[in-house]
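In what follows, a structure is listed as structure tokens, so that the remarks can point back to it.
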Amino acid sequence: MMIEPYLSSGDIVLLKLHLAFGAYGTEHAIRARNVENFLVGKMLTVSVLIEAIKLLKEIIIPKEGTSHPRYRISLAVAFLFKFFQPLSKDLAQVEKNNLHIPDVILSSKQLVEFSTEYFPVGKPIKKVAAEIQASGEALYVDDIPSSKDCLYGAFIYSTRPFARIKGITFNPTLVSSKIVAYISINDIPEGGKNVGSSFRFADEPLFADSLTEYSGQCLGIVVAETQRYANMAAKQAIVQYSTKGLEPPILSVEDAVRRSSFFDIPPSLYPTEVGDLARGMDEADHKILLAEVKLESEHYFYMETQTAFAIPDEDNCIVVYSSNQYPEGTQGVIAKCLGIPQHNVRVITRRAGGGFGGKATRSNPIATACALTAFKLRRPIKMYLDRSTDMIMVGGRHPMKITYSVGFKSDGKITALYLNLLVNAGISEDYSPLIPHAIISCLKKYNWGALAFDIKLCKTNLTSKSSMRAPGQAQGSYIAEAIIERVASFLSLDVDVVRKRNLHTYESLKFFYGSSSGEAPEYTLPAIVDELFASASYFNRLEMVLHFNSCNKWKKRGISWVPIVYEVEPKPTPGKVSILNDGSIVVEVGGIEIGQGLWTKVKQMAAFGLEQLWDEEKKYLLDRVRIIQADTLSLVQGGLTIQSTKSESSCEAVRLACSILVSRLKPLKQSLEEQMGSISWDTLITQANLQYVNLSASTFWVADDTSSYLNYGAAISEVEIDVLTGAITILRADLTYDCGQSLSPAVDLGQVEGSFVQGIGFFVYEKLEENSDGLVISDGTWSYKIPSIDTIPKHFNIRVMNSGHHKDRVLSSKASGEPPLLLAASVHSAIRKAIRAARADFSSTDPDDSSVSSFQFDPPATMPLVKELCGLDTVEKYLEAHGEV
């Protein structure tokens, strides 16, 4: 672009420029020649910019089907304005008083409080297998060397939600000639069943049987000599459908309600109401009736997609390596599908490259399909889903629609809450009957006075929704925040005041949570909030945010905080500890290492447990301990690795197994010491072998009625939004989390940070999109945005606090993997405040207009939504308002 000053006035005249716009929903990048021609030779006045924008909007026309078309047009206008605004004397003068915004430098601070009471438990040691994972040497399922006769499978899936399958053919291409076999429902052995997944409530079919039930359903498996050929062939399959005589599919919870399509919730799992709703509503000064909150789904997006490797074995047996959080469940499904006893099926899981709940039940269809194919062809089979197929077929977090009525006093104290929850469960029950309790458990973090609800699990023609990190809890905690925000807006009160006014006292906490609330000193949330406010200088920063917003038109900031209360119920799990002849120690547990550091904590616990042989002098056995892969024929009843409980449960099972070994070895040790004085570990084990002491111990730990407990935490987040584009920058996040006495502080710190960042994805960035048939179209990183290095907080401060002794915990510890995810709602709340500041500038000239502060703002807070709520026409409004300058 060439410019020159207009000598008599100092205005700028454009001599030559090129304007091109791309990725705005048009077929190709656009050269805006008409805008160029209009601007050349003109001074950059407000009126000229207004006309240029009008011309630009005539050529930026997104093609039909483009997502957020109005946003894309407004984005093109915003970039044009941002480009020319500094060159316009009129507008530059208006903006001259804007506050300077310095560059943000990345920083972080971690404060971890730990105890040496149970050394080496509680020591922040290096994560087990850290080096081999960082170097790429760690073996995952797809890394297991394949034999020469190994074949590869890929799914053909339905693209229609409810239709008859008329036929499946393949284009006669080079790729189709590489197909070795096609496996379908007809290949299930006699005595076997068409089952691909199973949980405690119902089975789910492996294959569609003449009728598809949802888009993404498995129709068959293409087998080829390489994974690439199998994937290509599957994508070239041609499926003929017919919907003649069929009802329309059920693709939303509203459709499900109209057609009474529901799953039952067992009475034992239905949450309990609290207090007297009618009385609470009568006590209210104000009521908000039938307000809505909508929550969308979320992909798992683990680094390692679903994968399995099946090897046929002798005597009608099969070995399956599976990336899995529930090998025991997978073993049962495979046996049922093949019609063989479970002892003929061996499922092995060394580690999983992430799971987040997506490899609990949703890994079963891949492992079962692989096993069936290997069983049928009598050859090893590998299946590794490409990212698109994984995102289309596997499902994710439960979408929900919530309608609520709330009564409250004029000072913001809530007296009663009633909710109607519609939970989209998808095509099968899967994990869904457990979701209602989880929702209500975390929603109870505030004292609602009285709480009642009606919850329905909606059966729809969509992929089954399943457990995903903080399943139900993430939604329940956010619903609570949305209600608090709405009450504050209704009363024109600061939301901070309303939040604090409705925090629990210990008495109300016991009323809502019962025995899980523990003793009064264990209720650390009020202290956490006070300490966090002080350490994060909340009120000073709040003043700075208000000052910033008063000085900046196109950037707005918001700061907010949220508390969490997260109920944890430890689950039964086995543990096995064996001491080998050379004194090395091997440990097996029911829990799966999925990146959460379970092996690290178990290793520390095994060393601690065996070191109880010595009263004072420790033998430092940590380096002698090795945790080995899960094997369903070696350690049974392994259970599910979900909901943050498996690490501590596995640790307790191992501690008990070590106690058994200690009881066996202690008499021998005492006898040897009487003869020889102090003895080494190696000497003790050598003598134990010579005297035939059983050096292997197994236990199955079952939690008692007092084992459930509450986790507490709070977070403050500060954000900045670009009013022109909707872009979001998370400037700072401060978290305080009560981890009890951490079993492994470095691991727990990483879990708190990672969980919070994944929560940012759910609340801000991750937008799952489907077409009109319910087929996922956000099936890769181009269209689905997970948090990355440029979206995490620029200043990230974590405190993992030690709340001391808890007699009913595993060595006083608390879970860390899932609860901190809920704290990311503070980012969403801060964005809401920033949007509110922008709306006050642009949306209305009337400061009392309720639309400025009260607006629907459901997660995720994507750029198009933020821009839309700030105003798609802010540039035009601004220019019109300054047309006389």
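Letters A, B, ... mark the chains of the structure tokens in the order given; residue numbers begin at 1 per chain; ligand numbers begin at 1, in order shown.
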
* List every residue of segment 178-227 of chain A that DSSP, applied to the backbone of this structure, assigns to strand (DSSP E), and report them as JSON, numbers by chain. => {"A": [179, 180, 181, 182, 183, 197, 198, 203, 204, 211, 212, 218, 219, 220, 221, 222, 223, 224]}

Selection near His882 of chain A, 9 Å with only C-alpha atoms, sequence-local residues under 4 positions removed, as a short mmCIF file (atom, residue, chain, number, x, y, z; two decimals) with N, CA and C atoms, in the first residue's frame:
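Result went into result39.cif, see below:
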data_model
loop_
_atom_site.label_atom_id
_atom_site.label_comp_id
_atom_site.auth_asym_id
_atom_site.auth_seq_id
_atom_site.Cartn_x
_atom_site.Cartn_y
_atom_site.Cartn_z
N VAL A 46 -13.96 9.37 8.17
CA VAL A 46 -14.95 8.43 8.69
C VAL A 46 -15.95 8.06 7.61
N ASP A 90 -9.12 11.53 11.97
CA ASP A 90 -10.30 11.67 12.80
C ASP A 90 -10.34 10.59 13.87
N LEU A 91 -10.17 9.32 13.46
CA LEU A 91 -10.31 8.20 14.39
C LEU A 91 -9.10 8.07 15.30
N VAL A 94 -9.63 10.32 18.21
CA VAL A 94 -10.60 9.80 19.16
C VAL A 94 -9.96 8.75 20.07
N LYS A 877 -21.49 0.95 14.01
CA LYS A 877 -22.05 1.82 15.04
C LYS A 877 -21.03 2.87 15.48
N TYR A 878 -19.80 2.42 15.63
CA TYR A 878 -18.75 3.33 16.07
C TYR A 878 -18.51 4.43 15.04
#

* In Å to one decimal, how far is atom CA of Lys409 of chain A from atom CA of Ala480 of chain A? -> 17.1 Å

* Exercise: Thr66 of chain A partners within 10 Å, only C-alpha atoms, chain neighbours under 6 positions left out, as a count of residues only -> 4

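Checking A:Ile265, A:Ile288, A:Ala881, A:Leu491 one by one against Ile455 of chain A, counting only C-alpha atoms, you find the shortest gap at A:Ile265.
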
Under the rule of at most 12 Å, produce a per-residue listing of segment 569-640 of chain A near segment 353-362 of chain A: chain, number, name, the closest pair of atoms, and the distance in Å, as CSV, using only C-alpha atoms.
residue,atom,partner,partner_atom,distance
A:Gly591,CA,A:Ala360,CA,11.6
A:Ile592,CA,A:Gly355,CA,10.0
A:Glu593,CA,A:Gly353,CA,8.7
A:Ile594,CA,A:Gly354,CA,5.0
A:Gly595,CA,A:Gly354,CA,6.1
A:Gln596,CA,A:Gly354,CA,8.5
A:Gly597,CA,A:Gly354,CA,11.4
A:Gly639,CA,A:Ala360,CA,9.7
A:Leu640,CA,A:Ala360,CA,6.7

* **Selection: 8 Å around Pro205 of chain A, only C-alpha atoms, excl. self and same-chain fewer than 3 positions, as a ChimeraX atom specification** => /A:194-197,208

* **Near-segment 606-611 of chain A list (8 Å; only C-alpha atoms; drop same-chain fewer than 4 positions) as JSON, numbers by chain** => {"A": [118, 119, 120, 121, 577, 587, 602, 618, 619, 620, 621, 622, 625, 651, 654, 655, 656, 658, 659, 661, 662]}

* Write out as a list in words each polymer residue whose atoms come within 10 Å of Leu503 of chain A, counting only C-alpha atoms; drop sequence neighbours fewer than 5 positions from it. => Lys413, Lys444, Lys445, Tyr446, Asn447, Trp448, Val498, Ser508, Leu509, Leu525, Pro526 and Pro563 of chain A

* **Selection near Ile188 of chain A, 9 Å with only C-alpha atoms, sequence-local residues under 6 positions removed, as a PyMOL selection string** => chain A and resi 194+337-339+372+376
